[in-house]
Amino acid sequence: MSSAETPALEVRDLVAGYGDYPVVDGVSLAVPHGKVVAVAGPNGAGKSTLLKAMLGLVRVLSGRVLLEGEDVTGAALERLARLGVGYVPQLDDVFDSMKVIENLEMGGYLCDRAERQRRIEQVLEIFPVLRGKLHRYAETLSGGERKMTAIARVLMLDPKVLVLDEPTASLSPEMSRVVLEEQVRPLSRLGKSVLLVEQKAVAALEVADWACLLVRGKVEVSAPAAEVLADPNMREIFLGRAPAATAEVAGSE
Ligand SMILES: Nc1ncnc2c1ncn2[C@@H]1O[C@H](COP(=O)(O)OP(=O)(O)OP(=O)(O)O)[C@@H](O)[C@H]1O
Ligand SMILES: [Mg+2]
């Protein structure tokens, strides 16, 4: 049963990894409805593995994954897609040899033709920039346009929950902010619940409601994003540096 308090997506004491080695080592976190939860952490911390374990792509050793309070531990990605979860992976997020319009059509694979056309129009209202690029091959797009296509492709099934793995990987700091501000932030305005993994911690926290820091497979910090941003020591911890001795902290990463 779901209620206003039931998170859209939640993991409880999740342990997961490759073979018997627990890369994700007892993680609990919740994504409330319409909120953005950012997970930051250093390379190799287990961020992608956490997402993959939630999405049935990596074996869960123990713990639970709940969607609207329903146990979906180990459910396949296809089933989760039907239940309203959209996943934009860190890599291989668009079909390079296809046009943007074809990528969108592929994203709407569960819909009939008329519904697909309607969804394409909706997605183009969210990302109007793509309207002029529908017939470009994805491989010819800029990094930001490409990521927009990847998110738009996943939006084709009108998911309630979006799981985004480092949408700004390989983008410049400026383009990263554009993607987070103009592509990720609007998702929560549309009422979507978003689990966002990002290494660009400060930029991610600026569009997030809640912040988690994952280190060596464990949640080290879990706090409101605004509190982390307002606290110089917490900011430094999220940036992977030693806490500042003074309140003097640079404004960005
Ligand atoms: N398919 C795999 N088989 C075995 N080990 C893996 C596999 N994928 C990842 N790992 C290991 O699991 C650990 C966590 O990797 P993961 O990709 O989850 O980290 P991450 O936090 O997403 O890092 P990054 O910020 O670099 O994307 C790393 O030590 C990595 O080498
Ligand atoms: Mg990763």
# chains A, B, ... in the order shown; residues from 1 in each chain; ligands from 1

call {"tool": "closest_atom_pairs", "arguments": {"of": "chain A", "to": "ligand 2", "cutoff": "7 Å", "atoms": "only C-alpha atoms and all ligand atoms", "output": "Markdown table"}}
result
| residue | atom | partner | partner_atom_place_in_ligand_line | distance |
| --- | --- | --- | --- | --- |
| A:Asn43 | CA | ligand 2 | 1 (Mg) | 6.9 |
| A:Gly44 | CA | ligand 2 | 1 (Mg) | 7.0 |
| A:Gly46 | CA | ligand 2 | 1 (Mg) | 6.9 |
| A:Lys47 | CA | ligand 2 | 1 (Mg) | 5.4 |
| A:Ser48 | CA | ligand 2 | 1 (Mg) | 4.0 |
| A:Gln90 | CA | ligand 2 | 1 (Mg) | 6.4 |
| A:Asp165 | CA | ligand 2 | 1 (Mg) | 6.7 |
| A:Glu166 | CA | ligand 2 | 1 (Mg) | 6.9 |

call {"tool": "residues_near_ligand", "arguments": {"ligand": "ligand 1", "cutoff": "9 Å", "atoms": "only C-alpha atoms and all ligand atoms", "output": "NGL selection string"}}
result
:A and (17-19 or 21-24 or 40-52 or 58 or 90 or 165-166 or 169 or 197-199 or 214-217)

call {"tool": "write_last_selection", "arguments": {"atoms": "N, CA and C atoms", "output": "mmCIF file, in the first residue's frame"}}
result
data_model
loop_
_atom_site.group_PDB
_atom_site.id
_atom_site.type_symbol
_atom_site.label_atom_id
_atom_site.label_comp_id
_atom_site.auth_asym_id
_atom_site.auth_seq_id
_atom_site.Cartn_x
_atom_site.Cartn_y
_atom_site.Cartn_z
ATOM 1 N N GLY A 17 26.749 -7.021 -4.690
ATOM 2 C CA GLY A 17 28.080 -6.949 -5.279
ATOM 3 C C GLY A 17 28.266 -7.997 -6.347
ATOM 4 N N TYR A 18 29.513 -8.246 -6.634
ATOM 5 C CA TYR A 18 29.878 -9.168 -7.698
ATOM 6 C C TYR A 18 30.464 -10.406 -7.030
ATOM 7 N N GLY A 19 29.971 -11.580 -7.404
ATOM 8 C CA GLY A 19 30.347 -12.766 -6.648
ATOM 9 C C GLY A 19 29.794 -12.611 -5.242
ATOM 10 N N TYR A 21 31.390 -10.698 -3.020
ATOM 11 C CA TYR A 21 32.040 -9.526 -2.439
ATOM 12 C C TYR A 21 31.041 -8.360 -2.364
ATOM 13 N N PRO A 22 30.740 -7.889 -1.148
ATOM 14 C CA PRO A 22 29.722 -6.845 -1.019
ATOM 15 C C PRO A 22 30.265 -5.450 -1.321
ATOM 16 N N VAL A 23 30.088 -5.005 -2.549
ATOM 17 C CA VAL A 23 30.499 -3.648 -2.939
ATOM 18 C C VAL A 23 29.573 -2.624 -2.279
ATOM 19 N N VAL A 24 28.301 -2.979 -2.197
ATOM 20 C CA VAL A 24 27.314 -2.153 -1.486
ATOM 21 C C VAL A 24 27.084 -2.846 -0.153
ATOM 22 N N ALA A 40 26.407 11.092 -3.687
ATOM 23 C CA ALA A 40 27.750 11.459 -4.130
ATOM 24 C C ALA A 40 28.748 10.479 -3.513
ATOM 25 N N GLY A 41 29.968 10.554 -3.984
ATOM 26 C CA GLY A 41 30.991 9.669 -3.430
ATOM 27 C C GLY A 41 32.108 9.471 -4.428
ATOM 28 N N PRO A 42 33.272 9.055 -3.941
ATOM 29 C CA PRO A 42 34.439 8.934 -4.823
ATOM 30 C C PRO A 42 34.299 7.799 -5.838
ATOM 31 N N ASN A 43 35.189 7.782 -6.820
ATOM 32 C CA ASN A 43 35.250 6.690 -7.797
ATOM 33 C C ASN A 43 35.346 5.371 -7.047
ATOM 34 N N GLY A 44 34.587 4.410 -7.509
ATOM 35 C CA GLY A 44 34.688 3.070 -6.930
ATOM 36 C C GLY A 44 33.951 2.906 -5.610
ATOM 37 N N ALA A 45 33.220 3.921 -5.178
ATOM 38 C CA ALA A 45 32.519 3.851 -3.883
ATOM 39 C C ALA A 45 31.382 2.838 -3.913
ATOM 40 N N GLY A 46 30.900 2.549 -5.130
ATOM 41 C CA GLY A 46 29.784 1.598 -5.246
ATOM 42 C C GLY A 46 28.481 2.263 -5.661
ATOM 43 N N LYS A 47 28.566 3.491 -6.170
ATOM 44 C CA LYS A 47 27.349 4.231 -6.537
ATOM 45 C C LYS A 47 26.597 3.530 -7.681
ATOM 46 N N SER A 48 27.325 3.224 -8.747
ATOM 47 C CA SER A 48 26.665 2.554 -9.881
ATOM 48 C C SER A 48 26.172 1.174 -9.471
ATOM 49 N N THR A 49 26.954 0.483 -8.655
ATOM 50 C CA THR A 49 26.553 -0.855 -8.209
ATOM 51 C C THR A 49 25.273 -0.768 -7.381
ATOM 52 N N LEU A 50 25.170 0.262 -6.550
ATOM 53 C CA LEU A 50 23.946 0.465 -5.762
ATOM 54 C C LEU A 50 22.742 0.590 -6.691
ATOM 55 N N LEU A 51 22.870 1.454 -7.702
ATOM 56 C CA LEU A 51 21.749 1.639 -8.630
ATOM 57 C C LEU A 51 21.436 0.338 -9.357
ATOM 58 N N LYS A 52 22.489 -0.335 -9.829
ATOM 59 C CA LYS A 52 22.265 -1.579 -10.582
ATOM 60 C C LYS A 52 21.600 -2.636 -9.712
ATOM 61 N N VAL A 58 22.385 -6.185 -10.744
ATOM 62 C CA VAL A 58 23.474 -6.761 -9.954
ATOM 63 C C VAL A 58 22.803 -7.544 -8.829
ATOM 64 N N GLN A 90 25.113 5.110 -16.590
ATOM 65 C CA GLN A 90 26.282 5.991 -16.691
ATOM 66 C C GLN A 90 26.858 5.938 -18.109
ATOM 67 N N ASP A 165 22.392 7.849 -13.427
ATOM 68 C CA ASP A 165 23.762 7.562 -12.996
ATOM 69 C C ASP A 165 24.729 8.534 -13.666
ATOM 70 N N GLU A 166 25.204 9.483 -12.906
ATOM 71 C CA GLU A 166 26.171 10.480 -13.364
ATOM 72 C C GLU A 166 25.804 11.108 -14.715
ATOM 73 N N ALA A 169 28.719 13.038 -16.292
ATOM 74 C CA ALA A 169 30.041 12.437 -16.558
ATOM 75 C C ALA A 169 30.503 12.891 -17.939
ATOM 76 N N VAL A 197 22.805 9.955 -9.025
ATOM 77 C CA VAL A 197 24.184 9.708 -8.604
ATOM 78 C C VAL A 197 25.077 10.715 -9.302
ATOM 79 N N GLU A 198 25.941 11.360 -8.556
ATOM 80 C CA GLU A 198 26.817 12.375 -9.147
ATOM 81 C C GLU A 198 28.141 12.453 -8.397
ATOM 82 N N GLN A 199 29.203 12.586 -9.176
ATOM 83 C CA GLN A 199 30.478 12.894 -8.528
ATOM 84 C C GLN A 199 30.650 14.392 -8.345
ATOM 85 N N LEU A 214 28.260 8.290 -0.220
ATOM 86 C CA LEU A 214 28.601 6.867 -0.183
ATOM 87 C C LEU A 214 30.115 6.725 -0.237
ATOM 88 N N VAL A 215 30.669 6.041 0.747
ATOM 89 C CA VAL A 215 32.112 5.790 0.770
ATOM 90 C C VAL A 215 32.325 4.315 1.059
ATOM 91 N N ARG A 216 33.091 3.650 0.183
ATOM 92 C CA ARG A 216 33.369 2.214 0.325
ATOM 93 C C ARG A 216 32.100 1.410 0.629
ATOM 94 N N GLY A 217 31.053 1.723 -0.120
ATOM 95 C CA GLY A 217 29.833 0.930 -0.044
ATOM 96 C C GLY A 217 28.919 1.232 1.126
#

call {"tool": "closest_atom_pairs", "arguments": {"of": "segment 172-252 of chain A", "to": "segment 137-148 of chain A", "cutoff": "10 Å", "atoms": "only C-alpha atoms", "output": "CSV"}}
result
residue,atom,partner,partner_atom,distance
A:Ser172,CA,A:Gly143,CA,9.1
A:Met175,CA,A:Gly144,CA,6.6
A:Ser176,CA,A:Gly144,CA,7.9
A:Val178,CA,A:Gly144,CA,8.1
A:Val179,CA,A:Gly144,CA,6.4
A:Glu182,CA,A:Met148,CA,9.4
A:Gln183,CA,A:Met148,CA,6.7
A:Val184,CA,A:Met148,CA,9.4

call {"tool": "write_last_selection", "arguments": {"atoms": "C-alpha atoms", "output": "PDB file, in the first residue's frame"}}
result
ATOM      1  CA  SER A 172      32.552  20.376 -18.540  1.00  0.00           C
ATOM      2  CA  MET A 175      27.716  22.093 -19.110  1.00  0.00           C
ATOM      3  CA  SER A 176      27.231  19.936 -16.005  1.00  0.00           C
ATOM      4  CA  VAL A 178      23.255  23.294 -17.397  1.00  0.00           C
ATOM      5  CA  VAL A 179      22.312  19.599 -17.484  1.00  0.00           C
ATOM      6  CA  GLU A 182      17.778  22.458 -17.136  1.00  0.00           C
ATOM      7  CA  GLN A 183      17.370  18.705 -17.454  1.00  0.00           C
ATOM      8  CA  VAL A 184      17.290  17.217 -13.958  1.00  0.00           C
TER       9      VAL A 184
END

call {"tool": "residues_around", "arguments": {"residues": "Gly63 of chain A", "least_positions_apart": "6", "cutoff": "7 Å", "atoms": "only C-alpha atoms", "output": "ChimeraX atom specification"}}
result
/A:12-15

call {"tool": "select_by_dssp", "arguments": {"residues": "segment 21-239 of chain A", "states": "strand (DSSP E)", "output": "VMD selection string"}}
result
chain A and resid 21 to 31 36 to 40 60 to 67 70 to 71 85 to 88 161 to 165 193 to 197 210 to 215 218 to 224

call {"tool": "write_last_selection", "arguments": {"atoms": "N, CA and C atoms", "output": "short mmCIF file (atom, residue, chain, number, x, y, z; two decimals), in the first residue's frame"}}
result
data_model
loop_
_atom_site.label_atom_id
_atom_site.label_comp_id
_atom_site.auth_asym_id
_atom_site.auth_seq_id
_atom_site.Cartn_x
_atom_site.Cartn_y
_atom_site.Cartn_z
N TYR A 21 31.39 -10.70 -3.02
CA TYR A 21 32.04 -9.53 -2.44
C TYR A 21 31.04 -8.36 -2.36
N PRO A 22 30.74 -7.89 -1.15
CA PRO A 22 29.72 -6.85 -1.02
C PRO A 22 30.27 -5.45 -1.32
N VAL A 23 30.09 -5.00 -2.55
CA VAL A 23 30.50 -3.65 -2.94
C VAL A 23 29.57 -2.62 -2.28
N VAL A 24 28.30 -2.98 -2.20
CA VAL A 24 27.31 -2.15 -1.49
C VAL A 24 27.08 -2.85 -0.15
N ASP A 25 27.37 -2.14 0.94
CA ASP A 25 27.55 -2.83 2.21
C ASP A 25 26.57 -2.33 3.29
N GLY A 26 25.29 -2.59 3.06
CA GLY A 26 24.30 -2.22 4.08
C GLY A 26 23.76 -0.82 3.90
N VAL A 27 23.33 -0.50 2.69
CA VAL A 27 22.86 0.87 2.39
C VAL A 27 21.35 0.96 2.60
N SER A 28 20.94 2.04 3.29
CA SER A 28 19.52 2.38 3.41
C SER A 28 19.35 3.81 2.92
N LEU A 29 18.39 4.01 2.04
CA LEU A 29 18.03 5.37 1.64
C LEU A 29 16.63 5.37 1.05
N ALA A 30 16.03 6.56 1.05
CA ALA A 30 14.65 6.67 0.57
C ALA A 30 14.52 7.89 -0.34
N VAL A 31 13.78 7.72 -1.41
CA VAL A 31 13.47 8.83 -2.32
C VAL A 31 11.99 9.16 -2.14
N VAL A 36 14.28 15.07 -5.16
CA VAL A 36 15.54 14.63 -5.76
C VAL A 36 16.50 14.24 -4.63
N VAL A 37 16.95 13.01 -4.66
CA VAL A 37 17.96 12.55 -3.71
C VAL A 37 19.26 12.34 -4.48
N ALA A 38 20.31 13.03 -4.04
CA ALA A 38 21.61 12.92 -4.70
C ALA A 38 22.52 12.01 -3.89
N VAL A 39 23.16 11.09 -4.57
CA VAL A 39 24.17 10.23 -3.94
C VAL A 39 25.52 10.61 -4.54
N ALA A 40 26.41 11.09 -3.69
CA ALA A 40 27.75 11.46 -4.13
C ALA A 40 28.75 10.48 -3.51
N VAL A 60 21.52 -8.95 -5.51
CA VAL A 60 21.33 -8.48 -4.13
C VAL A 60 21.65 -9.65 -3.20
N LEU A 61 22.58 -9.42 -2.27
CA LEU A 61 22.96 -10.49 -1.33
C LEU A 61 22.03 -10.49 -0.13
N SER A 62 21.65 -9.29 0.34
CA SER A 62 20.62 -9.19 1.38
C SER A 62 20.06 -7.78 1.38
N GLY A 63 18.97 -7.60 2.11
CA GLY A 63 18.30 -6.29 2.14
C GLY A 63 17.17 -6.25 1.14
N ARG A 64 16.49 -5.10 1.10
CA ARG A 64 15.28 -5.02 0.28
C ARG A 64 15.23 -3.73 -0.54
N VAL A 65 14.57 -3.84 -1.67
CA VAL A 65 14.28 -2.68 -2.52
C VAL A 65 12.76 -2.55 -2.57
N LEU A 66 12.26 -1.36 -2.26
CA LEU A 66 10.81 -1.14 -2.21
C LEU A 66 10.42 -0.04 -3.18
N LEU A 67 9.41 -0.32 -3.99
CA LEU A 67 8.86 0.67 -4.91
C LEU A 67 7.44 0.94 -4.44
N GLU A 70 6.18 -1.57 -2.16
CA GLU A 70 6.10 -2.96 -2.60
C GLU A 70 7.51 -3.51 -2.78
N ASP A 71 7.70 -4.73 -2.33
CA ASP A 71 9.02 -5.35 -2.44
C ASP A 71 9.32 -5.71 -3.90
N VAL A 85 9.58 2.90 -13.37
CA VAL A 85 10.94 3.31 -13.04
C VAL A 85 11.72 3.50 -14.33
N GLY A 86 12.34 4.66 -14.49
CA GLY A 86 13.20 4.92 -15.65
C GLY A 86 14.64 4.99 -15.21
N TYR A 87 15.52 4.38 -15.99
CA TYR A 87 16.95 4.31 -15.62
C TYR A 87 17.80 4.86 -16.75
N VAL A 88 18.62 5.85 -16.43
CA VAL A 88 19.59 6.36 -17.40
C VAL A 88 20.97 5.94 -16.90
N VAL A 161 9.46 7.42 -11.30
CA VAL A 161 10.75 7.49 -10.61
C VAL A 161 11.85 7.45 -11.67
N LEU A 162 12.81 8.36 -11.55
CA LEU A 162 13.96 8.32 -12.46
C LEU A 162 15.23 8.06 -11.69
N VAL A 163 16.03 7.16 -12.21
CA VAL A 163 17.31 6.82 -11.61
C VAL A 163 18.38 7.22 -12.61
N LEU A 164 19.19 8.20 -12.23
CA LEU A 164 20.17 8.77 -13.17
C LEU A 164 21.57 8.54 -12.64
N ASP A 165 22.39 7.85 -13.43
CA ASP A 165 23.76 7.56 -13.00
C ASP A 165 24.73 8.53 -13.67
N SER A 193 10.03 11.54 -9.01
CA SER A 193 10.97 11.31 -7.91
C SER A 193 12.29 10.91 -8.56
N VAL A 194 13.38 11.50 -8.09
CA VAL A 194 14.65 11.30 -8.80
C VAL A 194 15.74 10.83 -7.84
N LEU A 195 16.39 9.74 -8.22
CA LEU A 195 17.60 9.31 -7.52
C LEU A 195 18.76 9.61 -8.45
N LEU A 196 19.61 10.52 -8.01
CA LEU A 196 20.66 11.07 -8.86
C LEU A 196 22.02 10.71 -8.27
N VAL A 197 22.80 9.95 -9.02
CA VAL A 197 24.18 9.71 -8.60
C VAL A 197 25.08 10.71 -9.30
N TRP A 210 17.75 16.07 -0.88
CA TRP A 210 18.42 15.27 0.15
C TRP A 210 19.75 14.80 -0.41
N ALA A 211 20.75 14.63 0.45
CA ALA A 211 22.09 14.25 0.01
C ALA A 211 22.60 13.06 0.79
N CYS A 212 23.17 12.10 0.09
CA CYS A 212 23.83 10.96 0.73
C CYS A 212 25.26 10.90 0.21
N LEU A 213 26.17 10.60 1.11
CA LEU A 213 27.55 10.40 0.71
C LEU A 213 27.87 8.92 0.88
N LEU A 214 28.26 8.29 -0.22
CA LEU A 214 28.60 6.87 -0.18
C LEU A 214 30.11 6.72 -0.24
N VAL A 215 30.67 6.04 0.75
CA VAL A 215 32.11 5.79 0.77
C VAL A 215 32.33 4.31 1.06
N LYS A 218 29.27 2.26 1.92
CA LYS A 218 28.42 2.60 3.07
C LYS A 218 27.99 4.07 3.01
N VAL A 219 26.80 4.36 3.54
CA VAL A 219 26.35 5.75 3.61
C VAL A 219 27.05 6.41 4.79
N GLU A 220 27.91 7.39 4.47
CA GLU A 220 28.66 8.08 5.54
C GLU A 220 27.87 9.26 6.07
N VAL A 221 27.15 9.94 5.16
CA VAL A 221 26.36 11.11 5.56
C VAL A 221 25.03 11.03 4.83
N SER A 222 23.95 11.38 5.54
CA SER A 222 22.63 11.46 4.93
C SER A 222 21.96 12.67 5.57
N ALA A 223 21.68 13.69 4.76
CA ALA A 223 21.23 14.97 5.34
C ALA A 223 20.52 15.79 4.26
N PRO A 224 19.72 16.78 4.68
CA PRO A 224 19.12 17.68 3.68
C PRO A 224 20.21 18.37 2.87
#

call {"tool": "select_by_dssp", "arguments": {"residues": "segment 31-121 of chain A", "states": "helix (DSSP H, G or I)", "output": "PyMOL selection string"}}
result
chain A and resi 47-54+77-82+100-107+113-121

call {"tool": "residues_around", "arguments": {"residues": "segment 117-131 of chain A", "least_positions_apart": "4", "cutoff": "12 Å", "atoms": "only C-alpha atoms", "output": "JSON, numbers by chain"}}
result
{"A": [99, 100, 101, 102, 103, 104, 105, 106, 107, 108, 109, 110, 111, 112, 113, 135, 136, 137, 138, 141, 142, 144, 145, 146, 147, 148, 149, 150, 151, 152, 153, 154, 155, 156, 157, 158, 159, 179, 182, 183, 184, 185, 186, 187, 189, 190]}

call {"tool": "closest_residue", "arguments": {"among": "A:Met98, A:Ala225, A:Lys160, A:Glu10", "to": "Leu134 of chain A", "atoms": "only C-alpha atoms"}}
result
A:Met98

call {"tool": "closest_residue", "arguments": {"among": "A:Gly240, A:Asp209, A:Ala114, A:Pro167", "to": "Glu227 of chain A", "atoms": "only C-alpha atoms"}}
result
A:Asp209
